[in-house]
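Input: a single structure, listed below in structure tokens.
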Amino acid sequence: MPAKFEDDLTAFADVGWQAVELWLTKLEKHLESNTLDDTRRLFTKLKIAPVAASYQGGLLLSQGEQRRTHFEHFRTRLGLCQSLGVSTLVLVADFAQRPDATDLQRAVVSLTQAAQWAAGFDVKLALEFRGGDAFCTSLGTAIGLVSECGEPNVGVCLDLFHYYKGPSKLEDLTGLTSANLAHVQFSDVAGIPRELMTDSDRVLPGDGDFQFVPIIENLKRIGYAGYVSLEVMNPVLWQMKLTQVAELGLMALRRVVE
């Protein structure tokens, strides 16, 4: 995370990555001193495609002025995605301590509106559930929200960390289809109870306790043809050489996927 945006891309390209999921705040920081044209040329030079971006929050449950602020930020980010050719934007559900039926209805309405905005920019939304939150904590709930929304450019983001951390179940995977699965993120965790897992505990796929076989089998079953992204936010890895992390990550991802 502390590395510069352009250094990330160079390291990815040097070891053979062909596509990248962008971290939006890092991209926005990069654009404070670089133009969009320069950034597009950088992608072209490195032969790496920006295919997804993470993440947008604050849209589903916010109200009033707060909601207007979040949607304006969302509009700006949709413009960035369109300009760079990013086809998928990860959307996370808002924090809520005690969600009720009203929150659920509000989330569906807001998700529908967000999808309609995104459609105008040729962007697909990938709704990510969060295993440690009180609202939209499971894969099943995320699938339900996407279904209730009914917009064709909204799907689920399957983050394996949140799948194992939260209350998601194996049978939830049967609700996934090639139409409602928009993005996949892989990581792993070793020897830590799910109640205590944090993002900084993530390790490379295959180095922990997660079971990848049933996940891969379900992706094959539904004919998923999208990207699988490596999302390992571990400060220990941040201390290593960028190209070393990029190479180890690519090898780990290929190993569990293949």
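Residue numbers start at 1 in each chain; chains themselves are named A, B, ... in the order of the structure tokens; ligands are numbered from 1 in the order shown.
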Could you please write out, as a PyMOL selection string, every residue of region 94-177 of chain A that DSSP assigns to strand (DSSP E or B)? chain A and resi 124-128+154-159
Keeping only C-alpha atoms, write those residues as a CSV table (one decimal), in the first residue's frame.
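Once written, again.csv looks like this:
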chain,number,residue,atom,x,y,z
A,124,LYS,CA,-20.6,-2.9,-13.9
A,125,LEU,CA,-20.9,-2.9,-10.2
A,126,ALA,CA,-19.7,-5.7,-8.0
A,127,LEU,CA,-21.4,-5.7,-4.6
A,128,GLU,CA,-19.0,-7.0,-1.9
A,154,VAL,CA,-24.9,-5.4,-11.0
A,155,GLY,CA,-23.3,-8.6,-9.7
A,156,VAL,CA,-21.7,-10.0,-6.6
A,157,CYS,CA,-18.0,-9.6,-5.6
A,158,LEU,CA,-16.9,-12.9,-4.1
A,159,ASP,CA,-14.1,-12.0,-1.7
For His162 (chain A), find every residue with an atom within 8 Å (counting only C-alpha atoms), except residues of its own chain fewer than 5 positions away, and show them as a list in words.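 Close residues of His162 (chain A): Phe129, Arg130, Gly131, Gly132, Thr137 and Ser138 of chain A.
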Taking 5 positions as the minimum chain separation for residues in the same chain, which residues sit within 8 Å of region 233-244 of chain A when counting only C-alpha atoms? Answer as a list in words.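 Selected residues are Met1, Pro2, Asp7, Asp8, Ala11, Phe12, Asp14, Val15, Asp199, Ser200, Asp201, Arg202 and Val203 of chain A.
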Keeping only N, CA and C atoms, write the selected residues as a tab-separated table (two decimals), in the first residue's frame.
chain	number	residue	atom	x	y	z
A	1	MET	N	0.81	-1.22	0.00
A	1	MET	CA	0.00	0.00	0.00
A	1	MET	C	0.85	1.28	0.00
A	2	PRO	N	2.01	1.31	0.67
A	2	PRO	CA	2.80	2.55	0.67
A	2	PRO	C	3.47	2.86	-0.67
A	7	ASP	N	4.89	2.57	-9.60
A	7	ASP	CA	5.82	1.50	-9.22
A	7	ASP	C	5.09	0.16	-9.10
A	8	ASP	N	3.86	0.21	-8.60
A	8	ASP	CA	3.03	-1.01	-8.56
A	8	ASP	C	2.87	-1.60	-9.96
A	11	ALA	N	6.01	-3.15	-11.45
A	11	ALA	CA	6.33	-4.45	-10.83
A	11	ALA	C	5.40	-5.53	-11.35
A	12	PHE	N	4.11	-5.23	-11.47
A	12	PHE	CA	3.16	-6.21	-11.99
A	12	PHE	C	3.55	-6.63	-13.41
A	14	ASP	N	6.43	-6.39	-14.94
A	14	ASP	CA	7.76	-7.03	-15.02
A	14	ASP	C	7.70	-8.53	-14.80
A	15	VAL	N	6.72	-8.99	-13.99
A	15	VAL	CA	6.70	-10.42	-13.67
A	15	VAL	C	5.59	-11.17	-14.40
A	199	ASP	N	-7.88	-7.77	7.95
A	199	ASP	CA	-7.26	-7.69	6.63
A	199	ASP	C	-5.76	-7.91	6.68
A	200	SER	N	-5.12	-7.45	7.74
A	200	SER	CA	-3.67	-7.59	7.84
A	200	SER	C	-3.22	-9.02	8.08
A	201	ASP	N	-4.17	-9.92	8.35
A	201	ASP	CA	-3.84	-11.34	8.52
A	201	ASP	C	-3.83	-12.09	7.20
A	202	ARG	N	-4.22	-11.45	6.13
A	202	ARG	CA	-4.28	-12.12	4.84
A	202	ARG	C	-2.88	-12.55	4.39
A	203	VAL	N	-2.82	-13.75	3.82
A	203	VAL	CA	-1.58	-14.25	3.23
A	203	VAL	C	-1.88	-14.72	1.81
Expected answer as a PyMOL selection string: alpha helix (DSSP H) residues in region 58-163 of chain A: chain A and resi 64-84+101-119+139-149+160-163
Rows by chain and residue number, region 6-36 of chain A within 10 Å of region 50-60 of chain A, shortest pair, only C-alpha atoms, as a Markdown table:
| residue | atom | partner | partner_atom | distance |
| --- | --- | --- | --- | --- |
| A:Leu9 | CA | A:Pro50 | CA | 9.8 |
| A:Gln18 | CA | A:Pro50 | CA | 9.0 |
| A:Ala19 | CA | A:Pro50 | CA | 5.8 |
| A:Val20 | CA | A:Pro50 | CA | 5.0 |
| A:Glu21 | CA | A:Ala52 | CA | 4.5 |
| A:Leu22 | CA | A:Ala53 | CA | 4.4 |
| A:Trp23 | CA | A:Ser54 | CA | 5.2 |
| A:Leu24 | CA | A:Ser54 | CA | 5.7 |
| A:Thr25 | CA | A:Ser54 | CA | 8.6 |
| A:Leu27 | CA | A:Ala53 | CA | 9.4 |
Can I get the selection written as a compact mmCIF listing (two decimals), in the first residue's frame, with C-alpha atoms?
# COMPACT_ATOMS: atom_id res chain seq x y z
CA LEU A 9 2.16 -1.24 -12.25
CA GLN A 18 -1.58 -8.76 -17.70
CA ALA A 19 -4.40 -7.08 -15.77
CA VAL A 20 -4.81 -5.14 -12.54
CA GLU A 21 -7.49 -4.21 -10.04
CA LEU A 22 -6.91 -0.58 -9.08
CA TRP A 23 -7.05 0.80 -5.54
CA LEU A 24 -9.08 3.96 -6.12
CA THR A 25 -7.55 6.17 -3.42
CA LEU A 27 -5.20 6.18 -8.29
Nearest residue to Ile216 (chain A) from the set A:Cys136, A:Val257, A:Ala119, A:Leu84 (distances using only C-alpha atoms):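 For Ile216 (chain A), the nearest of the given residues is A:Val257.
Here the question is which of A:Gly206, A:Gly191, A:Gly150, A:Pro214 gets nearest to Leu173 (chain A) using only C-alpha atoms, and that residue is A:Pro214.
CA of Lys26 (chain A) lies 20.3 Å from CA of Phe186 (chain A).
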Find the residue from A:Pro205, A:Gly120, A:Pro193, A:Gly175 that sits nearest to Leu160 (chain A); use only C-alpha atoms when measuring. A:Pro205
Kindly indicate which residue among A:Thr76, A:Ala49, A:Ser178, A:Ala246 lies nearest to Gly223 (chain A), using only C-alpha atoms for the distances. A:Ser178
Considering only C-alpha atoms, can you say which of A:Asp188, A:Asp133, A:Glu195, A:Glu32 comes closest to Asp207 (chain A)? A:Asp188
What is the distance, in Å and to one decimal place, between CA of Phe71 (chain A) and CA of Arg106 (chain A)? 14.6 Å
Could you tell me how far CA of Leu61 (chain A) sits from CA of Asp94 (chain A), in Å to one decimal place? 6.0 Å
Using only C-alpha atoms, pick whichever of A:Arg98, A:Arg67, A:Arg77, A:Arg255 has the shortest atom-to-atom distance to Ser110 (chain A). A:Arg67
